[in-house]
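> If you scroll down you'll find the structure; I have some questions about it.
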Amino acid sequence: MSVTKAIHNYFERNGLALGSFLLFAVFFWVVVLIILPQLSMLDFSFRHHLPPPEMGGPKDVYTLEHYKYLVLGAPGADSSYNVVDLGVFGRTLLAAVFVTILNLVICYPIAYYLAQTKAGGFARALVLLLIIPYWINEILRAFAFRIIFGETGLINEMMLTLGLIDNPIDFIRANVALYAGLGYAYILLMIFPIYNVIESLDRNQIEAARDMGASWARIHWRVVIPYAKPGISSGCTMVFMLTAGALAAPQILGGPSSLWFTQIIYQWFNQGGNWPRGAAFAIVLLVTCVVIVLSMMRLFKVKMGDIGK
Amino acid sequence: MKSENVFLKILLGAYLILFFGYLLGPLLVMSITAFNSPSFPKMTPWECLTFEWFDVLANDERILNGIRNSLIVGTGTVILSVTMGLAGALILTQIWPRLRATYYTIVIAPILIPGVVLGISTLVFWDRINVMLGFSSDSFLHNGIFLTILGQSTFIASYCMLVFIARLQRFDVGLTEAALDLGATNVQAFRKILLPFMKPAIGSAAVLAFLASFENYNTTTFTFGKYPTLTIELAQKVRYGINPSISALAFIIIALTLFGALAHEMYRRKQQLALANGAPVSAVTGKGFQLPKFLKGNPAAILLIILTLGAISTIWYAQVHSPQQCILDVREQKRIETEKKIQAIKEKRRQEMLKKQQEQQKAAPSSNQAIESLAKVLLVAYSRLKTLKIMHLMVPPLFRKARRTIQVKAHLAAYLHRRI
Amino acid sequence: MSRGVGVTLEDVWIRFGDFVAVREANVNINGGEFFSFLGPSGCGKTTILRAVSGFLEPSDGRILIGGKDMAGFGPNKRPTALIFQNLALFPLMKVWENITFSLEVQGVSKLERRKRADELLDMIALPGQGDKLPSELSGGQKQRVAIARALCAEPDVLLLDEPLSALDLKLRQHMRTELREIQQRVGITFIYITHDQGEALTMSDNVAVMRAGVIDQIADGHTIYNDPATPFVASFVGENNVFRGRIKSIDGKHAIIETNRSGALVARIAPAAIGQLSVGDQAMMFLRPEACNLATETSLTHNRIRARVQNEEFEGQTYNVFLEGDQGKEIKMSLVNVGQDRQSEVGQDLTLEYNPDQAIILPFGELASE
């Protein structure tokens with residue numbers, strides 16, 4: 001079918017007014033909101049940090065300065081690599097992986113349980129209970145963890161009263177609060193994709209496997225998990241990306257000595273005032289996360305279309 | 001076989017309790033702290049029941065201003081992202097099959113792009129447009145509300161689109177064809193058939209979009225400019241000094257959420273029941289239900305009523321309850337306790353001094369004294385090292401031996417340690 | 001009140017990429033006629049219907065309604081109304097809104113629409129049900145609402161795409177009669193799509209039998225059943241015993257075929273095949289189960305076959321006897337139940353006899369695969 005005929009058919013089907021409106025809305029979204037800003041940020045990250053009057057002037061040329069800075073550090077620094085920023089970057093990714101795995105382990109059983117329990121009042125109530133925390137503001141959720149894990153927080157007070165410890169434990173500094181909070185923040189995004197997939201799994205398959213004498217572990221390993229793979233990878237992808245890109249939880253729950261990479265970006269924008277550098281760091285974060293996710297998807301043979309189901 | 005089942009059930013129950021404890025515990029704790037009088041939000045020790053934090057909240061200009069901004073941004077985001085999401089979903093069903101995968105990847109990507117990146121790119125892009133157009137730095141392109149709506153809509157539209165796609169998949173294309181066959185134009189078929197079918201999805205997408213906008217932080221933190229939303233204000237507060245008025249706000253939001261969820265559940269259940277009873281739908285959606293009938297077999301409705309009554313009585317109680325006396329009592333008690341503590345410490349010191357003197361008198365001037373003073377020094381060092389948690393690497397057995405010789409004076413060591 | 005408008009298909013081809021869905025269709029449907037397209041699923045009959053209603057354009061050829069070329073007219077501009085296989089009632093609209101949707105899009109006032117809806121509801125014997133939702137109706141009621149909705153548009157041609165297939169047997173038979181009655185009452189052209197030969201034969205004035213995109217035969221029900229034009233039609237419409245062989249001799253309207261396993265048999269040459277067969281040609285003889293009888297004599301003639309009873313089924317109005325002839329040739333015979341005793345026993349040898357006018361011979365061709 002030729003392009004002109006396709007376009008003709010399109011307007012035939014939708015009418016001129018509606019058809020143009022739909023095209024305009026999608027164009028605005030895809031091009032003006034999604035593609036152009038990303039490209040503009042990419043372009044910006046290759047420019048020098050200049051005061052506004054000099055923008056577009058002779059000094060406004062492309063440079064790798066900001067990327068070099070991330071790898072090598074400031075010119076004339078002690079070490080030959082930017083140990084601080086790279087360290088934070090690596091730790092952020094590792095912690096995100098850790099949180100993702102933790103989430104998967106916590107959520108798989110509940111997703112399986114909910115999906116395979118017959119739709120009754122109890123299961124519905126559980127689903128409702130699952131959703132409610134998700135409607136509470138992210139900041140407030142982090143705040144709740146601060147109340148619990150703080151130096152005079154619930155856990156410390158309780159352990160002190162019970163005589164388990166003599167001095168309060170600094171959960172914030174030890175990052176316990178951060179991991180608990182991050183794991184908590186995106187729990188729903190792990191549960192629902194897995195739940196949706198497992199729900200469509202025919203119960204008879206599980207019964208058949210059990211009938212043939214398979215143990216519970218084997219049933220999950222051979223029947224349920226392979227079937228739930230798209231849901232699992234979808235959940236893992238979302239949790240990983242959101243955790244690596246989280247800003248609120250690290251700001252509120254992070255210890256003073258442990259930065260999250262997004263916080264460094266935030267600093268370049270809001271305190272450092274060096275936007276191009278912040279943009280460069282953001283690009284690095286984005287590209288790295290996308291590469292990790294895509295390679296994982298290739299490794300587990302999952303398609304993009306499965307995401308968001 | 002049976003015992004295994006019981007074991008599994010216990011395991012499952014424990015898991016469920018732990019899981020939901022993790023999920024709901026923090027919210028519960030936070031809610032409770034809203035009613036406790038200490039100015040740092042804490043649940044223990046419980047001091048006085050107070051409602052003053054709600055007062056503090058209600059008089060907080062910044063919070064109120066944040067709520068106002070959040071509502072404006074939320075409304076704009078809902079309109080923009082529902083429109084774009086719906087258009088995106090409709091185009092997806094019609095797009096050239098060869099382009100479909102690419103298109104889907106692009107419009108779904110904003111969900112996966114970190115919010116920070118979206119915020120930055122929006123800020124940078126419109127800043128450049130502004131420069132290109134030669135506008136001043138306070139033009140509408142730099143307006144926090146404008147930027148925030150655009151930045152949030154970028155990814156919230158993707159969420160909306162997912163909702164619409166799910167609904168569209170259940171749409172029977174035959175209905176549109178039937179309408180066309182009966183003489184409707186394309187636009188009429190869209191307006192009279194497809195749009196009414198999409199209505200529930202539009203409703204849920206709008207709610208979803210509003211909630212997502214309301215709670216967004218990562219994107220908004222770069223774009224808000226002079227118009228901080230509630231979430232931004234909250235984050236500022238939480239980062240720099242917290243007090244229970246935030247818990248009070250959290251409690252209000254949790255209560256509202258609970259109300260909303262229960263009301264929705266009640267409505268659903270009511271419809272289900274009516275349908276199950278074979279009543280015509282017009283009766284189901286009709287107004288003026290009778291109380292006993294509508295409660296029958298509808299636990300959500302019962303819970304909702306209990307909750308409402310609870311809320312009303314709490315508000316009433318808040319009007320008459322005055323925690324002033326209690327707070328004074330607690331303050332008095334604290335004062336007495338502190339005094340007692342000071343007394344105790346003074347007494348302890350006196351005792352120790354006495355003991356020390358006695359010991360010095362008793363002990364003959366011998367090598368023992370030298371060892372003892374050495375041990376004291378070592379002990380100080382040791383207790384310092386202990387705090388560094390590298391005791392086992394650094395303390396040789398000798399030190400431990402020396403420690404044993406004066407174990408009787410452990411309390412003294414503790415005292416010294418505290419002094420240092 | 002015959003205001004029927006004819007529909008003509010001239011050399012219509014419909015292709016999807018390389019796939020040919022309809023091949024050179026030439027059909028002439030008279031105004032006011034009840035016309036059926038009959039064929040197995042995937043034969044292209046629904047494609048023809050969609051082309052007539054305007055949802056797709058033929059790749060070649062013309063479609064004329066009332067003598068007017070319909071090329072370029074969308075479904076909303078054609079004087080046709082389609083009743084969908086799943087009915088496609090609008091689930092969110094009340095019954096009366098469904099019925100008068102075609103008036104609504106024309107901007108007819110609500111009052112007038114309501115009046116028209118009540119008239120039509122009376123016609124389909126559902127008075128006072130206008131305020132229900134489609135989901136509250138039974139299968140048969142939905143069916144009638146769909147018909148009323150289509151008729152409300154006052155089409156010249158009503159197209160029906162297997163509308164009865166979702167109903168249970170009793171209701172289906174009832175609706176057949178009702179559809180035919182409605183058609184005769186309103187007098188417009190009905191074009192009906194079905195894979196059920198019973199529906200096609202009972203309701204239609206004329207039937208087109210389709211096979212893999214090709215129309216094999218267009219005729220009234222009697223002719224289709226008694227004088228099929230191709231082996232496909234013979235085997236698809238009703239049941240037939242097939243005997244393959246070669247023409248041994250031709251005598252006017254009759255011929256003798258030397259069958260592969262059952263010896264030489266005599267039969268009438270199908271009208272469509274007259275002049276096409278000559279001695280020595282490969283051919284097929286079709287013998288309907290109900291055309292078989294028990295011979296009173298056992299001597300073999302050209303209209304007798306010997307076979308052994310394998311199995312017997314009692315179907316109420318008939319006994320179906322399954323026999324095995326020489327070399328395992330399977331033959332089915334149906335005997336009308338007129339209160340006779342059991343006619344046969346398993347393992348019993350029988351001689352069958354038939355009237356040569358009730359068996360027909362056709363040139364060798366493709367059969368309907370069951």
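How things are named: the first chain in the structure tokens is A, the next is B, and so on; residues count from 1 in each chain; ligands count from 1 in the order shown.
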List the spatial neighbours of Phe11 (chain A) as a ChimeraX atom specification - criterion: any atom at most 12 Å away, only C-alpha atoms, same-chain residues fewer than 5 positions off excluded.
/A:4-6,16-23 /B:91,94,186-187
> Print the selection's residues with C-alpha atoms to a file, as a tab-separated table (two decimals), in the first residue's frame.

chain	number	residue	atom	x	y	z
A	4	THR	CA	-0.58	8.41	-0.09
A	5	LYS	CA	-3.21	5.73	-0.14
A	6	ALA	CA	-2.56	4.98	3.53
A	16	LEU	CA	-10.69	15.27	8.45
A	17	ALA	CA	-11.20	17.13	11.71
A	18	LEU	CA	-10.80	14.20	14.06
A	19	GLY	CA	-7.99	12.69	11.99
A	20	SER	CA	-5.97	15.89	12.02
A	21	PHE	CA	-6.58	16.37	15.72
A	22	LEU	CA	-5.35	12.87	16.54
A	23	LEU	CA	-2.27	13.35	14.39
B	91	ILE	CA	-3.25	5.92	16.37
B	94	GLN	CA	-4.43	2.29	12.92
B	186	ASN	CA	-16.95	8.55	10.90
B	187	VAL	CA	-17.08	11.37	13.38
> Write down, as an MDAnalysis selection string, each residue of chain C that has any atom within 6 Å of an atom of chain B, counting only C-alpha atoms.
chainID C and resid 75:76 81 88 102 105
> Set the cut-off to 6 Å and count only C-alpha atoms: what are the residues of chain B that reach chain A? Output as number ranges by chain.
B: 26, 30, 84, 87-88, 114, 117, 121-122, 125, 154, 186, 215, 218, 239
> Kindly save the residues from that selection, with N, CA and C atoms included, as an mmCIF file, in the first residue's frame.

data_model
loop_
_atom_site.group_PDB
_atom_site.id
_atom_site.type_symbol
_atom_site.label_atom_id
_atom_site.label_comp_id
_atom_site.auth_asym_id
_atom_site.auth_seq_id
_atom_site.Cartn_x
_atom_site.Cartn_y
_atom_site.Cartn_z
ATOM 1 N N PRO B 26 4.394 1.179 57.914
ATOM 2 C CA PRO B 26 4.891 2.562 57.890
ATOM 3 C C PRO B 26 3.763 3.585 57.865
ATOM 4 N N MET B 30 3.090 6.308 60.763
ATOM 5 C CA MET B 30 3.079 7.725 60.433
ATOM 6 C C MET B 30 1.763 8.360 60.870
ATOM 7 N N MET B 84 -3.628 13.219 24.930
ATOM 8 C CA MET B 84 -2.531 12.636 24.161
ATOM 9 C C MET B 84 -2.540 11.116 24.263
ATOM 10 N N ALA B 87 -5.301 9.798 21.999
ATOM 11 C CA ALA B 87 -4.883 9.914 20.602
ATOM 12 C C ALA B 87 -3.814 8.875 20.298
ATOM 13 N N GLY B 88 -2.862 8.731 21.227
ATOM 14 C CA GLY B 88 -1.782 7.764 21.016
ATOM 15 C C GLY B 88 -2.314 6.357 20.859
ATOM 16 N N PRO B 114 14.165 7.757 33.434
ATOM 17 C CA PRO B 114 14.108 8.294 34.800
ATOM 18 C C PRO B 114 13.451 9.671 34.814
ATOM 19 N N VAL B 117 15.560 12.689 34.319
ATOM 20 C CA VAL B 117 15.962 12.973 32.949
ATOM 21 C C VAL B 117 14.849 13.727 32.219
ATOM 22 N N SER B 121 15.360 17.385 30.649
ATOM 23 C CA SER B 121 15.235 17.597 29.211
ATOM 24 C C SER B 121 14.141 18.621 28.920
ATOM 25 N N THR B 122 13.061 18.573 29.680
ATOM 26 C CA THR B 122 12.002 19.567 29.477
ATOM 27 C C THR B 122 12.538 20.967 29.759
ATOM 28 N N PHE B 125 15.124 21.991 27.027
ATOM 29 C CA PHE B 125 14.514 22.200 25.712
ATOM 30 C C PHE B 125 13.780 23.529 25.651
ATOM 31 N N THR B 154 4.499 14.210 29.725
ATOM 32 C CA THR B 154 5.308 13.372 28.848
ATOM 33 C C THR B 154 5.185 11.908 29.229
ATOM 34 N N ASN B 186 -18.053 9.020 10.051
ATOM 35 C CA ASN B 186 -16.954 8.552 10.898
ATOM 36 C C ASN B 186 -16.930 9.287 12.218
ATOM 37 N N GLU B 215 1.625 13.350 42.980
ATOM 38 C CA GLU B 215 2.713 12.827 43.809
ATOM 39 C C GLU B 215 4.070 12.907 43.117
ATOM 40 N N ASN B 218 10.292 13.697 41.047
ATOM 41 C CA ASN B 218 11.536 13.686 40.290
ATOM 42 C C ASN B 218 11.533 14.655 39.111
ATOM 43 N N ARG B 239 13.245 17.314 54.244
ATOM 44 C CA ARG B 239 14.702 17.328 54.218
ATOM 45 C C ARG B 239 15.275 18.240 55.287
#
> What gap, in Å, lies between CA of Pro228 (chain C) and CA of Gly32 (chain C)?
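So the two atoms, CA of Pro228 (chain C) and CA of Gly32 (chain C), lie 24.9 Å apart.
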> Within 12 Å of chain A, which residues of chain C show up when using only C-alpha atoms, listed as a PyMOL selection string?
chain C and resi 16-17+55-56+72-76
> Choose the residue, out of C:Ile331, C:Leu158, C:Arg304, C:Ala229, that has the smallest atom-to-atom separation from Gln276 (chain C); count only C-alpha atoms.
C:Ala229
> Please report, as a list in words, each residue of region 10-75 of chain C to which DSSP assigns alpha helix (DSSP H) when run on this structure's backbone.
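Everything in region 10-75 of chain C that counts as alpha helix (DSSP H) is Lys45, Thr46, Thr47, Ile48, Leu49, Arg50, Ala51, Val52 and Ser53 of chain C.
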> Mind writing the picked residues with N, CA and C atoms as a tab-separated table (two decimals), in the first residue's frame?

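Wrote it out as selection-v5.tsv, contents follow:
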chain	number	residue	atom	x	y	z
C	45	LYS	N	-17.68	-16.00	1.20
C	45	LYS	CA	-19.04	-15.46	1.17
C	45	LYS	C	-19.17	-14.18	2.00
C	46	THR	N	-18.50	-14.15	3.16
C	46	THR	CA	-18.55	-12.93	3.97
C	46	THR	C	-17.84	-11.78	3.25
C	47	THR	N	-16.78	-12.12	2.53
C	47	THR	CA	-16.07	-11.08	1.77
C	47	THR	C	-17.00	-10.43	0.76
C	48	ILE	N	-17.80	-11.24	0.07
C	48	ILE	CA	-18.75	-10.69	-0.89
C	48	ILE	C	-19.73	-9.76	-0.19
C	49	LEU	N	-20.20	-10.20	0.98
C	49	LEU	CA	-21.16	-9.39	1.72
C	49	LEU	C	-20.56	-8.04	2.11
C	50	ARG	N	-19.29	-8.08	2.56
C	50	ARG	CA	-18.63	-6.83	2.97
C	50	ARG	C	-18.41	-5.91	1.78
C	51	ALA	N	-18.21	-6.54	0.63
C	51	ALA	CA	-18.05	-5.72	-0.57
C	51	ALA	C	-19.38	-5.07	-0.96
C	52	VAL	N	-20.48	-5.81	-0.80
C	52	VAL	CA	-21.78	-5.25	-1.14
C	52	VAL	C	-22.13	-4.13	-0.17
C	53	SER	N	-21.81	-4.34	1.14
C	53	SER	CA	-22.18	-3.31	2.11
C	53	SER	C	-21.22	-2.13	2.08
> Interatomic distance between CA of Arg306 (chain C) and CA of Glu330 (chain C)?
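Value for the CA of Arg306 (chain C)-CA of Glu330 (chain C) distance: 11.3 Å.
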> Using the chain letters and numbers from this document, which residues of region 86-175 of chain C does DSSP assign to strand (DSSP E), as a PyMOL selection string?
chain C and resi 157-161
> Would you kindly return, as a list in words, each protein, DNA or RNA residue with an atom no farther than 10 Å from any atom of Arg173 (chain A), considering only C-alpha atoms and excluding same-chain residues fewer than 2 positions away?
Gly150, Ile169, Asp170, Phe171, Asn175, Val176, Ala177, Leu178, Leu253, Gly254, Gly255, Pro256, Ser257 and Ser258 of chain A
> Let's have the selection written as a PDB file, in the first residue's frame, with N, CA and C atoms.

ATOM      1  N   GLY A 150      14.622   6.333  62.169  1.00  0.00           N
ATOM      2  CA  GLY A 150      15.428   7.421  62.716  1.00  0.00           C
ATOM      3  C   GLY A 150      16.088   7.052  64.037  1.00  0.00           C
ATOM      4  N   ILE A 169      20.936   2.493  66.975  1.00  0.00           N
ATOM      5  CA  ILE A 169      21.685   2.154  65.759  1.00  0.00           C
ATOM      6  C   ILE A 169      21.352   3.193  64.699  1.00  0.00           C
ATOM      7  N   ASP A 170      22.366   3.629  63.973  1.00  0.00           N
ATOM      8  CA  ASP A 170      22.116   4.644  62.947  1.00  0.00           C
ATOM      9  C   ASP A 170      21.741   3.967  61.624  1.00  0.00           C
ATOM     10  N   PHE A 171      20.459   3.664  61.498  1.00  0.00           N
ATOM     11  CA  PHE A 171      20.003   2.961  60.289  1.00  0.00           C
ATOM     12  C   PHE A 171      20.172   3.834  59.041  1.00  0.00           C
ATOM     13  N   ASN A 175      22.333   2.942  55.602  1.00  0.00           N
ATOM     14  CA  ASN A 175      21.532   2.808  54.379  1.00  0.00           C
ATOM     15  C   ASN A 175      20.400   1.783  54.462  1.00  0.00           C
ATOM     16  N   VAL A 176      20.171   1.265  55.648  1.00  0.00           N
ATOM     17  CA  VAL A 176      19.071   0.308  55.789  1.00  0.00           C
ATOM     18  C   VAL A 176      17.753   0.980  55.441  1.00  0.00           C
ATOM     19  N   ALA A 177      17.597   2.197  55.963  1.00  0.00           N
ATOM     20  CA  ALA A 177      16.355   2.925  55.715  1.00  0.00           C
ATOM     21  C   ALA A 177      16.189   3.185  54.234  1.00  0.00           C
ATOM     22  N   LEU A 178      17.283   3.510  53.555  1.00  0.00           N
ATOM     23  CA  LEU A 178      17.204   3.815  52.131  1.00  0.00           C
ATOM     24  C   LEU A 178      16.731   2.601  51.333  1.00  0.00           C
ATOM     25  N   LEU A 253      16.143   9.652  52.754  1.00  0.00           N
ATOM     26  CA  LEU A 253      16.559   8.510  53.561  1.00  0.00           C
ATOM     27  C   LEU A 253      18.053   8.209  53.463  1.00  0.00           C
ATOM     28  N   GLY A 254      18.724   8.827  52.479  1.00  0.00           N
ATOM     29  CA  GLY A 254      20.129   8.512  52.284  1.00  0.00           C
ATOM     30  C   GLY A 254      20.980   9.037  53.412  1.00  0.00           C
ATOM     31  N   GLY A 255      22.029   8.283  53.758  1.00  0.00           N
ATOM     32  CA  GLY A 255      22.942   8.741  54.783  1.00  0.00           C
ATOM     33  C   GLY A 255      23.766   9.908  54.248  1.00  0.00           C
ATOM     34  N   PRO A 256      24.402  10.646  55.146  1.00  0.00           N
ATOM     35  CA  PRO A 256      25.151  11.827  54.712  1.00  0.00           C
ATOM     36  C   PRO A 256      26.341  11.468  53.825  1.00  0.00           C
ATOM     37  N   SER A 257      26.851  10.245  53.980  1.00  0.00           N
ATOM     38  CA  SER A 257      28.049   9.918  53.219  1.00  0.00           C
ATOM     39  C   SER A 257      27.729   9.199  51.911  1.00  0.00           C
ATOM     40  N   SER A 258      26.479   8.803  51.720  1.00  0.00           N
ATOM     41  CA  SER A 258      26.192   8.014  50.514  1.00  0.00           C
ATOM     42  C   SER A 258      25.265   8.784  49.594  1.00  0.00           C
TER      43      SER A 258
END
> Rounded to one decimal in Å, what is the spacing between CA of Arg23 (chain C) and CA of Arg244 (chain C)?
28.0 Å
> Would you mind listing what lies within 6 Å of Gly61 (chain C) as a list of chain:residue names, with only C-alpha atoms counted and same-chain residues fewer than 3 positions away left out?
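Everything that qualifies: C:Glu10, C:Asp11, C:Val12.
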> Can you list, as a list in words, every protein, DNA or RNA residue that comes within 12 Å of Glu178 (chain C) when you count only C-alpha atoms, leaving out same-chain residues fewer than 3 positions away?
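Those residues are Met123, Ile124, Ala125, Gly140, Gln143, Arg144, Ile147, Leu164, Leu171, Arg172, Gln173, His174, Met175, Glu181, Ile182, Gln183, Gln184, Arg185, Glu199, Thr202 and Met203 of chain C.
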